[in-house]
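Here's the structure, in structure tokens; my notes come after.
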Amino acid sequence: MSFFSRFSQNVTISAGNSSTANLDAAATFTGTSQDTTGVAGIQVNLFTTQNCEVHVDQSMDGTNWDIIDSFDYWYSKGGASWTVQADRAMPNR
């Protein structure tokens, strides 16, 4: 049997993909493309007072979105979090 005696992870917040600003009804928050080389997962945390749909889009070139994970958020259930595998690394520019 094998096990890890120690495990560490470097969690960072993406400034271009984070916001605490209130959005008007029917408004959209769009983040920025970011290199995910060396990243295993993308975590999304959300709290709103309205129902909404959340998309985590991934791209090889930052323009054409090859992978799109979509989630429904129901405000009556409180905040929510999702983690998706970082499947594609955008090449450094």
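Just so we're on the same page: first chain in the structure tokens is A, next is B, and so on; residues restart at 1 for each chain, and ligands are numbered from 1 in the order they show up.
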
Exercise. Near Ala26 in chain A, within 12 Å and counting only C-alpha atoms, which residues show up once chain neighbours fewer than 2 positions away are dropped, as an MDAnalysis selection string?
Worked result: chainID A and resid 22:24 28:29 50:53

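Within chain A, the backbone-based DSSP assignment of strand (DSSP E or B) covers A:Gly41, A:Ile42, A:Gln43, A:Val44, A:Asn45, A:Leu46, A:Cys52, A:Glu53, A:Val54, A:His55, A:Val56, A:Asp57, A:Gln58, A:Ser59, A:Trp65, A:Asp66, A:Ile67, A:Ile68, A:Asp69, A:Ser70, A:Phe71, A:Asp72, A:Tyr73, A:Ala80, A:Ser81, A:Trp82, A:Thr83, A:Val84, A:Gln85.
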
Write the residues of the selection above to a file with N, CA and C atoms, as a PDB file, in the first residue's frame.
```
ATOM      1  N   GLY A  41      -6.548  21.917 -12.224  1.00  0.00           N
ATOM      2  CA  GLY A  41      -7.980  22.156 -12.170  1.00  0.00           C
ATOM      3  C   GLY A  41      -8.306  23.636 -12.111  1.00  0.00           C
ATOM      4  N   ILE A  42      -9.508  23.946 -12.578  1.00  0.00           N
ATOM      5  CA  ILE A  42     -10.021  25.313 -12.551  1.00  0.00           C
ATOM      6  C   ILE A  42     -11.219  25.300 -11.612  1.00  0.00           C
ATOM      7  N   GLN A  43     -11.154  26.098 -10.562  1.00  0.00           N
ATOM      8  CA  GLN A  43     -12.238  26.130  -9.588  1.00  0.00           C
ATOM      9  C   GLN A  43     -13.018  27.425  -9.718  1.00  0.00           C
ATOM     10  N   VAL A  44     -14.327  27.303  -9.711  1.00  0.00           N
ATOM     11  CA  VAL A  44     -15.227  28.448  -9.798  1.00  0.00           C
ATOM     12  C   VAL A  44     -16.055  28.491  -8.520  1.00  0.00           C
ATOM     13  N   ASN A  45     -16.094  29.644  -7.878  1.00  0.00           N
ATOM     14  CA  ASN A  45     -16.925  29.858  -6.690  1.00  0.00           C
ATOM     15  C   ASN A  45     -17.878  30.991  -7.000  1.00  0.00           C
ATOM     16  N   LEU A  46     -19.143  30.823  -6.635  1.00  0.00           N
ATOM     17  CA  LEU A  46     -20.141  31.814  -7.023  1.00  0.00           C
ATOM     18  C   LEU A  46     -21.198  31.975  -5.943  1.00  0.00           C
ATOM     19  N   CYS A  52     -28.556  31.703 -12.557  1.00  0.00           N
ATOM     20  CA  CYS A  52     -27.723  32.006 -13.705  1.00  0.00           C
ATOM     21  C   CYS A  52     -27.084  30.736 -14.248  1.00  0.00           C
ATOM     22  N   GLU A  53     -26.456  30.876 -15.392  1.00  0.00           N
ATOM     23  CA  GLU A  53     -25.715  29.789 -16.007  1.00  0.00           C
ATOM     24  C   GLU A  53     -24.239  30.187 -16.022  1.00  0.00           C
ATOM     25  N   VAL A  54     -23.376  29.256 -15.655  1.00  0.00           N
ATOM     26  CA  VAL A  54     -21.941  29.502 -15.577  1.00  0.00           C
ATOM     27  C   VAL A  54     -21.251  28.668 -16.649  1.00  0.00           C
ATOM     28  N   HIS A  55     -20.312  29.290 -17.372  1.00  0.00           N
ATOM     29  CA  HIS A  55     -19.532  28.585 -18.396  1.00  0.00           C
ATOM     30  C   HIS A  55     -18.048  28.709 -18.068  1.00  0.00           C
ATOM     31  N   VAL A  56     -17.342  27.590 -18.145  1.00  0.00           N
ATOM     32  CA  VAL A  56     -15.883  27.586 -18.062  1.00  0.00           C
ATOM     33  C   VAL A  56     -15.408  27.157 -19.448  1.00  0.00           C
ATOM     34  N   ASP A  57     -14.848  28.106 -20.191  1.00  0.00           N
ATOM     35  CA  ASP A  57     -14.426  27.866 -21.574  1.00  0.00           C
ATOM     36  C   ASP A  57     -12.915  27.692 -21.617  1.00  0.00           C
ATOM     37  N   GLN A  58     -12.461  26.710 -22.400  1.00  0.00           N
ATOM     38  CA  GLN A  58     -11.030  26.467 -22.533  1.00  0.00           C
ATOM     39  C   GLN A  58     -10.648  26.474 -24.007  1.00  0.00           C
ATOM     40  N   SER A  59      -9.448  26.967 -24.276  1.00  0.00           N
ATOM     41  CA  SER A  59      -9.004  27.195 -25.649  1.00  0.00           C
ATOM     42  C   SER A  59      -7.514  26.948 -25.788  1.00  0.00           C
ATOM     43  N   TRP A  65     -12.962  28.595 -28.627  1.00  0.00           N
ATOM     44  CA  TRP A  65     -13.218  27.889 -27.376  1.00  0.00           C
ATOM     45  C   TRP A  65     -13.553  26.438 -27.687  1.00  0.00           C
ATOM     46  N   ASP A  66     -12.590  25.555 -27.397  1.00  0.00           N
ATOM     47  CA  ASP A  66     -12.686  24.146 -27.744  1.00  0.00           C
ATOM     48  C   ASP A  66     -13.487  23.328 -26.737  1.00  0.00           C
ATOM     49  N   ILE A  67     -13.402  23.676 -25.481  1.00  0.00           N
ATOM     50  CA  ILE A  67     -14.078  22.940 -24.406  1.00  0.00           C
ATOM     51  C   ILE A  67     -14.902  23.935 -23.611  1.00  0.00           C
ATOM     52  N   ILE A  68     -16.182  23.622 -23.423  1.00  0.00           N
ATOM     53  CA  ILE A  68     -17.065  24.491 -22.642  1.00  0.00           C
ATOM     54  C   ILE A  68     -17.798  23.629 -21.624  1.00  0.00           C
ATOM     55  N   ASP A  69     -17.558  23.897 -20.346  1.00  0.00           N
ATOM     56  CA  ASP A  69     -18.296  23.253 -19.267  1.00  0.00           C
ATOM     57  C   ASP A  69     -19.348  24.244 -18.791  1.00  0.00           C
ATOM     58  N   SER A  70     -20.607  23.801 -18.696  1.00  0.00           N
ATOM     59  CA  SER A  70     -21.703  24.684 -18.296  1.00  0.00           C
ATOM     60  C   SER A  70     -22.365  24.158 -17.029  1.00  0.00           C
ATOM     61  N   PHE A  71     -22.740  25.082 -16.167  1.00  0.00           N
ATOM     62  CA  PHE A  71     -23.371  24.728 -14.897  1.00  0.00           C
ATOM     63  C   PHE A  71     -24.558  25.656 -14.644  1.00  0.00           C
ATOM     64  N   ASP A  72     -25.633  25.107 -14.107  1.00  0.00           N
ATOM     65  CA  ASP A  72     -26.778  25.913 -13.687  1.00  0.00           C
ATOM     66  C   ASP A  72     -26.620  26.261 -12.215  1.00  0.00           C
ATOM     67  N   TYR A  73     -26.843  27.512 -11.892  1.00  0.00           N
ATOM     68  CA  TYR A  73     -26.764  27.991 -10.515  1.00  0.00           C
ATOM     69  C   TYR A  73     -28.167  28.391 -10.075  1.00  0.00           C
ATOM     70  N   ALA A  80     -22.270  28.270  -4.649  1.00  0.00           N
ATOM     71  CA  ALA A  80     -21.889  26.999  -5.269  1.00  0.00           C
ATOM     72  C   ALA A  80     -20.442  27.069  -5.742  1.00  0.00           C
ATOM     73  N   SER A  81     -19.842  25.895  -5.884  1.00  0.00           N
ATOM     74  CA  SER A  81     -18.478  25.781  -6.405  1.00  0.00           C
ATOM     75  C   SER A  81     -18.425  24.633  -7.389  1.00  0.00           C
ATOM     76  N   TRP A  82     -17.601  24.796  -8.413  1.00  0.00           N
ATOM     77  CA  TRP A  82     -17.364  23.739  -9.392  1.00  0.00           C
ATOM     78  C   TRP A  82     -15.874  23.679  -9.674  1.00  0.00           C
ATOM     79  N   THR A  83     -15.384  22.481  -9.923  1.00  0.00           N
ATOM     80  CA  THR A  83     -13.998  22.306 -10.338  1.00  0.00           C
ATOM     81  C   THR A  83     -13.991  21.500 -11.622  1.00  0.00           C
ATOM     82  N   VAL A  84     -13.290  21.998 -12.627  1.00  0.00           N
ATOM     83  CA  VAL A  84     -13.156  21.271 -13.892  1.00  0.00           C
ATOM     84  C   VAL A  84     -11.679  21.030 -14.152  1.00  0.00           C
ATOM     85  N   GLN A  85     -11.396  19.950 -14.838  1.00  0.00           N
ATOM     86  CA  GLN A  85     -10.017  19.645 -15.198  1.00  0.00           C
ATOM     87  C   GLN A  85      -9.527  20.673 -16.209  1.00  0.00           C
TER      88      GLN A  85
END
```

For this session: Enumerate, as a ChimeraX atom specification, the complete set of residues in chain A that a backbone-based DSSP assignment places in helix (DSSP H, G or I).
Result: /A:15-17,75-77

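You will find CA of Ala40 in chain A at 5.4 Å from CA of Ala86 in chain A.
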
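For the residues A:Asp61, A:Ala27, A:Phe7, A:Asp87, ranking by smallest atom-to-atom distance to Val39 in chain A using only C-alpha atoms places A:Asp87 first.
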
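Taking CA of Ala25 in chain A and CA of Thr48 in chain A as endpoints, the distance between them is 11.4 Å.
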